[in-house]
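These notes are about the structure you will find just below.
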Amino acid sequence: MTSKVVFLLLLSLVVVLLPLYASAAARVGGWSPISNVTDPQVVEIGEFAVSEYNKRSESGLKFETVVSGETQVVSGTNYRLKVAANDGDGVSKNYLAIVWDKPWMKFRNLTSFEPANNGRFL
């Protein structure tokens, strides 16, 4: 093969692979939607968020369901969830929770928990 053919093959390979690399690089560190919010792992994270919030605030919220969510790959996984919880008076409200999870270290931390309002994520 001549050097011109080799050059064209390499150039073609770069043209094909570069968009794939850019697409993968955009996902690392970015938020990705959770397609199945009823997955037991996602539900467990939602339950943890409500339970941890209750411990910190001496509140009595009762977890109902994960409404929607996103994940972010970091040193572990960040879960950004909209959870429905009952305040004990029969009123269900949505809350936004961020949980950082590192299962190989048995580490889980509630980073943020607040009432959901329009205009925020999810």
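Residues in the structure tokens are named by chain (A, B, ... in the order shown) and by number from 1 within that chain; ligands are numbered from 1 in the order shown.
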
- Can you list, as a list in words, every protein, DNA or RNA residue that comes within 7 Å of Gly29 of chain A when you count only C-alpha atoms, leaving out same-chain residues fewer than 2 positions away?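 The neighbour list is Arg27, Trp31, Gln72, Val73 and Val74 of chain A.
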
- Message: as a ChimeraX atom specification, please: the residues near Glu114 of chain A (cut-off 10 Å, only C-alpha atoms, same-chain neighbours under 3 positions excluded).
- Response: /A:53,82,94-98,117

Atoms kept (all heavy atoms) for selection, written as a PDB file, in the first residue's frame:
```
ATOM      1  N   TYR A  53     -32.928  12.641  55.282  1.00  0.00           N
ATOM      2  CA  TYR A  53     -33.497  13.961  55.526  1.00  0.00           C
ATOM      3  C   TYR A  53     -34.258  13.980  56.851  1.00  0.00           C
ATOM      4  O   TYR A  53     -34.133  14.928  57.637  1.00  0.00           O
ATOM      5  CB  TYR A  53     -34.427  14.365  54.378  1.00  0.00           C
ATOM      6  CG  TYR A  53     -35.153  15.653  54.657  1.00  0.00           C
ATOM      7  CD1 TYR A  53     -34.499  16.881  54.560  1.00  0.00           C
ATOM      8  CD2 TYR A  53     -36.493  15.651  55.049  1.00  0.00           C
ATOM      9  CE1 TYR A  53     -35.164  18.060  54.839  1.00  0.00           C
ATOM     10  CE2 TYR A  53     -37.161  16.827  55.329  1.00  0.00           C
ATOM     11  CZ  TYR A  53     -36.490  18.034  55.224  1.00  0.00           C
ATOM     12  OH  TYR A  53     -37.145  19.214  55.515  1.00  0.00           O
ATOM     13  N   LYS A  82     -36.289  13.264  41.819  1.00  0.00           N
ATOM     14  CA  LYS A  82     -37.510  13.905  42.301  1.00  0.00           C
ATOM     15  C   LYS A  82     -38.288  12.791  42.974  1.00  0.00           C
ATOM     16  O   LYS A  82     -38.633  11.788  42.342  1.00  0.00           O
ATOM     17  CB  LYS A  82     -38.327  14.502  41.166  1.00  0.00           C
ATOM     18  CG  LYS A  82     -39.596  15.213  41.662  1.00  0.00           C
ATOM     19  CD  LYS A  82     -40.438  15.750  40.527  1.00  0.00           C
ATOM     20  CE  LYS A  82     -39.794  16.983  39.948  1.00  0.00           C
ATOM     21  NZ  LYS A  82     -40.632  17.612  38.893  1.00  0.00           N
ATOM     22  N   ASN A  94     -43.617  16.719  46.224  1.00  0.00           N
ATOM     23  CA  ASN A  94     -42.384  16.326  45.545  1.00  0.00           C
ATOM     24  C   ASN A  94     -41.199  17.066  46.139  1.00  0.00           C
ATOM     25  O   ASN A  94     -41.291  18.252  46.467  1.00  0.00           O
ATOM     26  CB  ASN A  94     -42.476  16.613  44.043  1.00  0.00           C
ATOM     27  CG  ASN A  94     -43.420  15.661  43.338  1.00  0.00           C
ATOM     28  OD1 ASN A  94     -43.678  14.559  43.803  1.00  0.00           O
ATOM     29  ND2 ASN A  94     -43.930  16.083  42.203  1.00  0.00           N
ATOM     30  N   TYR A  95     -40.094  16.344  46.242  1.00  0.00           N
ATOM     31  CA  TYR A  95     -38.846  16.889  46.760  1.00  0.00           C
ATOM     32  C   TYR A  95     -37.724  16.537  45.799  1.00  0.00           C
ATOM     33  O   TYR A  95     -37.768  15.500  45.139  1.00  0.00           O
ATOM     34  CB  TYR A  95     -38.533  16.304  48.150  1.00  0.00           C
ATOM     35  CG  TYR A  95     -39.562  16.672  49.180  1.00  0.00           C
ATOM     36  CD1 TYR A  95     -40.707  15.896  49.346  1.00  0.00           C
ATOM     37  CD2 TYR A  95     -39.407  17.813  49.973  1.00  0.00           C
ATOM     38  CE1 TYR A  95     -41.676  16.239  50.278  1.00  0.00           C
ATOM     39  CE2 TYR A  95     -40.375  18.153  50.910  1.00  0.00           C
ATOM     40  CZ  TYR A  95     -41.496  17.367  51.056  1.00  0.00           C
ATOM     41  OH  TYR A  95     -42.447  17.709  51.986  1.00  0.00           O
ATOM     42  N   LEU A  96     -36.727  17.416  45.730  1.00  0.00           N
ATOM     43  CA  LEU A  96     -35.550  17.156  44.918  1.00  0.00           C
ATOM     44  C   LEU A  96     -34.411  16.747  45.839  1.00  0.00           C
ATOM     45  O   LEU A  96     -34.099  17.444  46.799  1.00  0.00           O
ATOM     46  CB  LEU A  96     -35.169  18.403  44.120  1.00  0.00           C
ATOM     47  CG  LEU A  96     -36.247  18.909  43.172  1.00  0.00           C
ATOM     48  CD1 LEU A  96     -35.805  20.201  42.495  1.00  0.00           C
ATOM     49  CD2 LEU A  96     -36.585  17.858  42.129  1.00  0.00           C
ATOM     50  N   ALA A  97     -33.810  15.611  45.528  1.00  0.00           N
ATOM     51  CA  ALA A  97     -32.740  15.081  46.371  1.00  0.00           C
ATOM     52  C   ALA A  97     -31.540  14.746  45.505  1.00  0.00           C
ATOM     53  O   ALA A  97     -31.687  14.253  44.391  1.00  0.00           O
ATOM     54  CB  ALA A  97     -33.215  13.830  47.097  1.00  0.00           C
ATOM     55  N   ILE A  98     -30.348  15.008  46.038  1.00  0.00           N
ATOM     56  CA  ILE A  98     -29.112  14.566  45.400  1.00  0.00           C
ATOM     57  C   ILE A  98     -28.392  13.666  46.383  1.00  0.00           C
ATOM     58  O   ILE A  98     -28.161  14.042  47.537  1.00  0.00           O
ATOM     59  CB  ILE A  98     -28.219  15.744  44.988  1.00  0.00           C
ATOM     60  CG1 ILE A  98     -28.947  16.627  43.966  1.00  0.00           C
ATOM     61  CG2 ILE A  98     -26.898  15.233  44.402  1.00  0.00           C
ATOM     62  CD1 ILE A  98     -28.191  17.858  43.543  1.00  0.00           C
ATOM     63  N   ASN A 117     -39.683  22.783  43.136  1.00  0.00           N
ATOM     64  CA  ASN A 117     -40.417  23.935  42.631  1.00  0.00           C
ATOM     65  C   ASN A 117     -40.204  24.011  41.129  1.00  0.00           C
ATOM     66  O   ASN A 117     -39.235  23.500  40.600  1.00  0.00           O
ATOM     67  CB  ASN A 117     -39.993  25.233  43.332  1.00  0.00           C
ATOM     68  CG  ASN A 117     -38.514  25.515  43.201  1.00  0.00           C
ATOM     69  OD1 ASN A 117     -37.796  24.840  42.483  1.00  0.00           O
ATOM     70  ND2 ASN A 117     -38.042  26.522  43.877  1.00  0.00           N
TER      71      ASN A 117
END
```

- Selection: 10 Å around Glu64 of chain A, only C-alpha atoms, excl. self and same-chain fewer than 2 positions, as a list of chain:residue names: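 Once the nearby chain positions are removed, what remains is A:Val43, A:Gly46, A:Glu47, A:Val50, A:Leu61, A:Lys62, A:Val66, A:Val67, A:Val83, A:Ala84, A:Ala85, A:Asn86, A:Ser92, A:Lys93, A:Asn94.
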
- Item | Nearby residues (only C-alpha atoms) at most 9 Å from Ser75 of chain A, same-chain spacing under 4 positions excluded, as a list in words |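 So the residues in contact are Trp100, Asp101 and Lys102 of chain A.
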
- Message: Under the rule that only C-alpha atoms are counted, which of A:Gly69, A:Gly60, A:Gly88, A:Gly30 is the nearest residue to Val42 of chain A?
- Response: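 Ranking A:Gly69, A:Gly60, A:Gly88, A:Gly30 by distance to Val42 of chain A, first place goes to A:Gly69.
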
Pick out each residue of segment 16-88 of chain A that DSSP on the backbone tags as strand (DSSP E or B); I need them as a PDB file with C-alpha atoms, in the first residue's frame.
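Wrote it out as states.pdb, contents follow:
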```
ATOM      1  CA  TRP A  31     -26.309  14.101  33.786  1.00  0.00           C
ATOM      2  CA  SER A  32     -28.121  11.193  32.107  1.00  0.00           C
ATOM      3  CA  PRO A  33     -31.827  10.451  32.575  1.00  0.00           C
ATOM      4  CA  LYS A  62     -42.752   8.978  54.422  1.00  0.00           C
ATOM      5  CA  PHE A  63     -41.257   7.917  51.100  1.00  0.00           C
ATOM      6  CA  GLU A  64     -43.810   7.118  48.387  1.00  0.00           C
ATOM      7  CA  THR A  65     -42.040   6.851  45.021  1.00  0.00           C
ATOM      8  CA  VAL A  66     -39.310   8.149  42.749  1.00  0.00           C
ATOM      9  CA  VAL A  67     -41.009  10.396  40.203  1.00  0.00           C
ATOM     10  CA  SER A  68     -38.021  11.016  37.933  1.00  0.00           C
ATOM     11  CA  GLY A  69     -34.269  11.098  38.098  1.00  0.00           C
ATOM     12  CA  GLU A  70     -30.850  11.501  36.559  1.00  0.00           C
ATOM     13  CA  THR A  71     -27.429  10.087  37.274  1.00  0.00           C
ATOM     14  CA  GLN A  72     -23.971  11.582  36.980  1.00  0.00           C
ATOM     15  CA  VAL A  73     -20.772   9.556  36.934  1.00  0.00           C
ATOM     16  CA  VAL A  74     -18.252  11.035  39.356  1.00  0.00           C
ATOM     17  CA  GLY A  76     -19.102   7.004  42.296  1.00  0.00           C
ATOM     18  CA  THR A  77     -22.543   8.090  41.124  1.00  0.00           C
ATOM     19  CA  ASN A  78     -24.611  11.155  41.890  1.00  0.00           C
ATOM     20  CA  TYR A  79     -28.347  10.525  41.809  1.00  0.00           C
ATOM     21  CA  ARG A  80     -30.538  13.587  41.269  1.00  0.00           C
ATOM     22  CA  LEU A  81     -34.058  12.430  42.067  1.00  0.00           C
ATOM     23  CA  LYS A  82     -37.510  13.905  42.301  1.00  0.00           C
ATOM     24  CA  VAL A  83     -39.201  11.895  45.039  1.00  0.00           C
ATOM     25  CA  ALA A  84     -42.778  11.967  46.267  1.00  0.00           C
ATOM     26  CA  ALA A  85     -43.133  11.855  50.050  1.00  0.00           C
ATOM     27  CA  ASN A  86     -46.075  12.125  52.420  1.00  0.00           C
TER      28      ASN A  86
END
```

- Item | Å distance separating atom CA of Gln41 of chain A from atom CA of Phe113 of chain A, one decimal place | 18.6 Å

- Which parts of segment 13-103 of chain A does DSSP call helix (DSSP H, G or I) when run on the backbone here, written out as a ChimeraX atom specification? /A:13-27,40-57,103
